[in-house]
Amino acid sequence: MKTRYIALLFVAPILTKATRAQQLQIDWGTSVVNEKIITSNGSGVSLDEFSIELGGFASGFVPTEANVDDWVSNWRVFDAVTAGDTDSSDNFSSVGIGSTESRFVGTDYLQADQTSASEDSNGLDTFGPSESAYIFIRNSDAPGVNSEWSLYTRSSDTAWEFPSVSGGQPATPLSWFVAQADTAVWGGINGSIVGGGEFTDGSSDFIIRTHTFVPEPGVAILSLLGLAGLLRRRRARS
């Protein structure tokens with residue numbers, strides 16, 4: 001029995017090391033300092049209103065301004081920074097309530113079966129090799145007049161693509177931070193990269209800016225008709 005116990009002491013570290021080798025660490029977020037994260041009108045972003053998620057889209061789906069209505073249904077969460085997050089590696093901080101100076105960071109692991117180890121993932125979604133990674137920030141799942149969204153990635157190379165983990169873990173973790181991003185599908189990033197959506201903020205020192213949506217034609221027409229009716233009633237009274 002003593003010999004078997006000693007043998008297990010040597011085997012256990014080997015098994016632990018082998019298990020860890022089948023996970024790839026991915027760090028993501030903004031940076032270690034507060035930077036300007038704002039909405040389309042220049043106000044601050046808070047976790048009370050917004051979700052901040054790292055993930056990818058269903059195989060074959062490429063998000064564009066033309067298919068924005070289908071983004072959420074095709075979205076798969078790899079990791080998230082949420083209000084009351086129990087994962088100590090996921091963090092959001094702000095200078096104060098309503099402040100435009102904030103930061104967020106997250107860390108989780110891509111496993112050997114290409115699923116996420118994060119408590120924020122459903123455990124079934126896979127993130128296959130060469131699939132693009134995105135950061136999706138939003139205050140609503142439905143695109144609308146009061147919805148504020150940001151979707152960004154890096155598309156100039158393969159740096160922001162989920163790799164294959166089956167061959168073992170690379171020497172260093174992957175780091176996907178907004179300063180490396182070069183494509184804003186929706187919203188604005190790094191002060192000068194502007195994607196889809198509407199905004200009234202005119203600054204250029206933001207790290208992330210969410211954009212909103214124009215009313216659908218039907219909604220806009222109904223609003224105009226309602227305004228016209230109100231004006232007619234006022235004229236009739238005068």
# chains A, B, ... in the order shown; residues from 1 in each chain; ligands from 1
>>> select_by_dssp(residues="stretch 37-203 of chain A", states="strand (DSSP E)", output="VMD selection string")
chain A and resid 37 to 38 51 to 57 75 to 81 91 to 94 101 to 111 134 to 138 149 to 153 174 to 177 183 to 186 188 to 189 193 to 194
>>> closest_residue(among="A:Ser99, A:Ser93, A:Thr158, A:Gln111", to="A:Glu131", atoms="only C-alpha atoms")
A:Thr158
>>> closest_residue(among="A:Glu53, A:Asp120, A:Glu101, A:Asp79", to="A:Ile38", atoms="only C-alpha atoms")
A:Glu101
>>> residues_around(residues="stretch 144-152 of chain A", least_positions_apart="6", cutoff="6 Å", atoms="only C-alpha atoms", output="PyMOL selection string")
chain A and resi 134-138+183-187+210-215
>>> residues_around(residues="A:Ile26", least_positions_apart="4", cutoff="10 Å", atoms="only C-alpha atoms", output="list in words")
Phe78, Asp79, Gly106, Thr107, Asp108, Tyr109, Leu110, Phe162, Thr172, Pro173, Leu174, Ser175 and Trp176 of chain A
>>> write_last_selection(atoms="N, CA, C and O atoms", output="compact mmCIF listing (two decimals), in the first residue's frame")
# COMPACT_ATOMS: atom_id res chain seq x y z
N PHE A 78 -18.26 33.06 -25.28
CA PHE A 78 -17.08 32.34 -24.78
C PHE A 78 -16.80 32.72 -23.33
O PHE A 78 -16.52 31.88 -22.48
N ASP A 79 -16.86 34.01 -23.04
CA ASP A 79 -16.66 34.52 -21.68
C ASP A 79 -17.36 35.87 -21.58
O ASP A 79 -17.67 36.49 -22.61
N GLY A 106 -10.99 40.22 -18.82
CA GLY A 106 -11.48 38.87 -18.56
C GLY A 106 -10.44 37.83 -18.93
O GLY A 106 -9.54 38.10 -19.74
N THR A 107 -10.55 36.66 -18.33
CA THR A 107 -9.67 35.54 -18.64
C THR A 107 -10.46 34.25 -18.56
O THR A 107 -11.21 34.04 -17.60
N ASP A 108 -10.32 33.41 -19.57
CA ASP A 108 -10.86 32.05 -19.47
C ASP A 108 -10.13 31.13 -20.43
O ASP A 108 -9.15 31.55 -21.06
N TYR A 109 -10.61 29.88 -20.53
CA TYR A 109 -9.82 28.85 -21.20
C TYR A 109 -10.59 28.16 -22.31
O TYR A 109 -11.76 27.77 -22.13
N LEU A 110 -9.93 27.98 -23.44
CA LEU A 110 -10.44 27.16 -24.54
C LEU A 110 -9.94 25.75 -24.29
O LEU A 110 -8.73 25.51 -24.18
N PHE A 162 -9.88 31.61 -33.01
CA PHE A 162 -9.74 30.53 -32.05
C PHE A 162 -8.85 29.45 -32.66
O PHE A 162 -9.10 29.00 -33.79
N THR A 172 2.61 30.67 -24.57
CA THR A 172 2.03 31.84 -23.89
C THR A 172 0.54 31.94 -24.19
O THR A 172 0.08 31.52 -25.25
N PRO A 173 -0.23 32.54 -23.28
CA PRO A 173 -1.67 32.74 -23.52
C PRO A 173 -1.90 33.70 -24.68
O PRO A 173 -1.02 34.47 -25.05
N LEU A 174 -3.11 33.66 -25.22
CA LEU A 174 -3.51 34.64 -26.22
C LEU A 174 -4.02 35.88 -25.52
O LEU A 174 -4.64 35.80 -24.46
N SER A 175 -3.78 37.05 -26.11
CA SER A 175 -4.25 38.31 -25.55
C SER A 175 -5.02 39.07 -26.63
O SER A 175 -4.46 39.43 -27.65
N TRP A 176 -6.31 39.30 -26.36
CA TRP A 176 -7.17 40.01 -27.31
C TRP A 176 -7.68 41.29 -26.65
O TRP A 176 -8.71 41.29 -25.98
>>> atom_distance(atom1="atom CA of A:Ala66", atom2="atom CA of A:Asn122")
27.5 Å
>>> residues_around(residues="A:Ser73", least_positions_apart="5", cutoff="12 Å", atoms="only C-alpha atoms", output="VMD selection string")
chain A and resid 56 to 58 61 63 67 to 68 141 to 142
>>> write_last_selection(atoms="N, CA, C and O atoms", output="PDB file, in the first residue's frame")
ATOM      1  N   GLY A  56     -18.077  34.253 -30.446  1.00  0.00           N
ATOM      2  CA  GLY A  56     -18.033  34.084 -31.894  1.00  0.00           C
ATOM      3  C   GLY A  56     -19.434  33.819 -32.413  1.00  0.00           C
ATOM      4  O   GLY A  56     -20.377  33.638 -31.637  1.00  0.00           O
ATOM      5  N   PHE A  57     -19.558  33.792 -33.720  1.00  0.00           N
ATOM      6  CA  PHE A  57     -20.860  33.563 -34.335  1.00  0.00           C
ATOM      7  C   PHE A  57     -20.953  32.141 -34.890  1.00  0.00           C
ATOM      8  O   PHE A  57     -19.926  31.475 -35.115  1.00  0.00           O
ATOM      9  N   ALA A  58     -22.167  31.691 -35.088  1.00  0.00           N
ATOM     10  CA  ALA A  58     -22.402  30.351 -35.623  1.00  0.00           C
ATOM     11  C   ALA A  58     -21.624  30.165 -36.912  1.00  0.00           C
ATOM     12  O   ALA A  58     -21.410  31.112 -37.680  1.00  0.00           O
ATOM     13  N   PHE A  61     -21.728  32.205 -40.359  1.00  0.00           N
ATOM     14  CA  PHE A  61     -22.404  33.497 -40.218  1.00  0.00           C
ATOM     15  C   PHE A  61     -21.364  34.595 -40.052  1.00  0.00           C
ATOM     16  O   PHE A  61     -20.528  34.552 -39.153  1.00  0.00           O
ATOM     17  N   PRO A  63     -21.175  38.665 -39.401  1.00  0.00           N
ATOM     18  CA  PRO A  63     -22.009  39.820 -39.040  1.00  0.00           C
ATOM     19  C   PRO A  63     -21.712  41.034 -39.914  1.00  0.00           C
ATOM     20  O   PRO A  63     -20.558  41.415 -40.097  1.00  0.00           O
ATOM     21  N   ASN A  67     -27.307  42.307 -41.793  1.00  0.00           N
ATOM     22  CA  ASN A  67     -27.967  41.200 -41.083  1.00  0.00           C
ATOM     23  C   ASN A  67     -27.968  41.408 -39.572  1.00  0.00           C
ATOM     24  O   ASN A  67     -27.990  40.454 -38.796  1.00  0.00           O
ATOM     25  N   VAL A  68     -27.975  42.665 -39.141  1.00  0.00           N
ATOM     26  CA  VAL A  68     -27.888  42.983 -37.725  1.00  0.00           C
ATOM     27  C   VAL A  68     -29.017  42.353 -36.906  1.00  0.00           C
ATOM     28  O   VAL A  68     -28.833  42.022 -35.727  1.00  0.00           O
ATOM     29  N   ASP A 141     -30.920  43.063 -26.393  1.00  0.00           N
ATOM     30  CA  ASP A 141     -30.737  42.026 -27.414  1.00  0.00           C
ATOM     31  C   ASP A 141     -31.435  42.366 -28.722  1.00  0.00           C
ATOM     32  O   ASP A 141     -31.213  41.706 -29.733  1.00  0.00           O
ATOM     33  N   ALA A 142     -32.295  43.368 -28.693  1.00  0.00           N
ATOM     34  CA  ALA A 142     -33.051  43.745 -29.898  1.00  0.00           C
ATOM     35  C   ALA A 142     -32.555  45.091 -30.414  1.00  0.00           C
ATOM     36  O   ALA A 142     -32.521  46.072 -29.659  1.00  0.00           O
TER      37      ALA A 142
END
>>> atom_distance(atom1="atom CA of A:Asn34", atom2="atom CA of A:Ile189")
14.8 Å
>>> select_by_dssp(residues="stretch 44-114 of chain A", states="helix (DSSP H, G or I)", output="list in words")
Glu65, Ala66, Asn67, Val68, Asp69, Asp70, Trp71, Val72, Ser73 and Asn74 of chain A
>>> atom_distance(atom1="atom CA of A:Val45", atom2="atom CA of A:Asp85")
16.6 Å
>>> closest_residue(among="A:Ser31, A:Gln22, A:Thr126, A:Thr39", to="A:Thr200", atoms="only C-alpha atoms")
A:Thr39
>>> closest_residue(among="A:Ser121, A:Thr115, A:Thr64, A:Ser94", to="A:Arg76", atoms="only C-alpha atoms")
A:Ser121
>>> closest_residue(among="A:Phe206, A:Phe92, A:Phe177, A:Phe199", to="A:Thr153", atoms="only C-alpha atoms")
A:Phe177
>>> residues_around(residues="A:Asn190", least_positions_apart="5", cutoff="9 Å", atoms="only C-alpha atoms", output="PyMOL selection string")
chain A and resi 178-179+181-182+204-209
>>> residues_around(residues="A:Ser59", least_positions_apart="4", cutoff="9 Å", atoms="only C-alpha atoms", output="list in words")
Asn74, Phe127, Gly128 and Glu131 of chain A
>>> write_last_selection(atoms="C-alpha atoms", output="PDB file, in the first residue's frame")
ATOM      1  CA  ASN A  74     -26.237  33.474 -34.023  1.00  0.00           C
ATOM      2  CA  PHE A 127     -15.264  27.576 -31.014  1.00  0.00           C
ATOM      3  CA  GLY A 128     -13.586  25.863 -33.916  1.00  0.00           C
ATOM      4  CA  GLU A 131     -13.285  31.027 -36.297  1.00  0.00           C
TER       5      GLU A 131
END
>>> closest_residue(among="A:Gly44, A:Gly196, A:Gly60, A:Pro129", to="A:Gly98", atoms="only C-alpha atoms")
A:Gly44
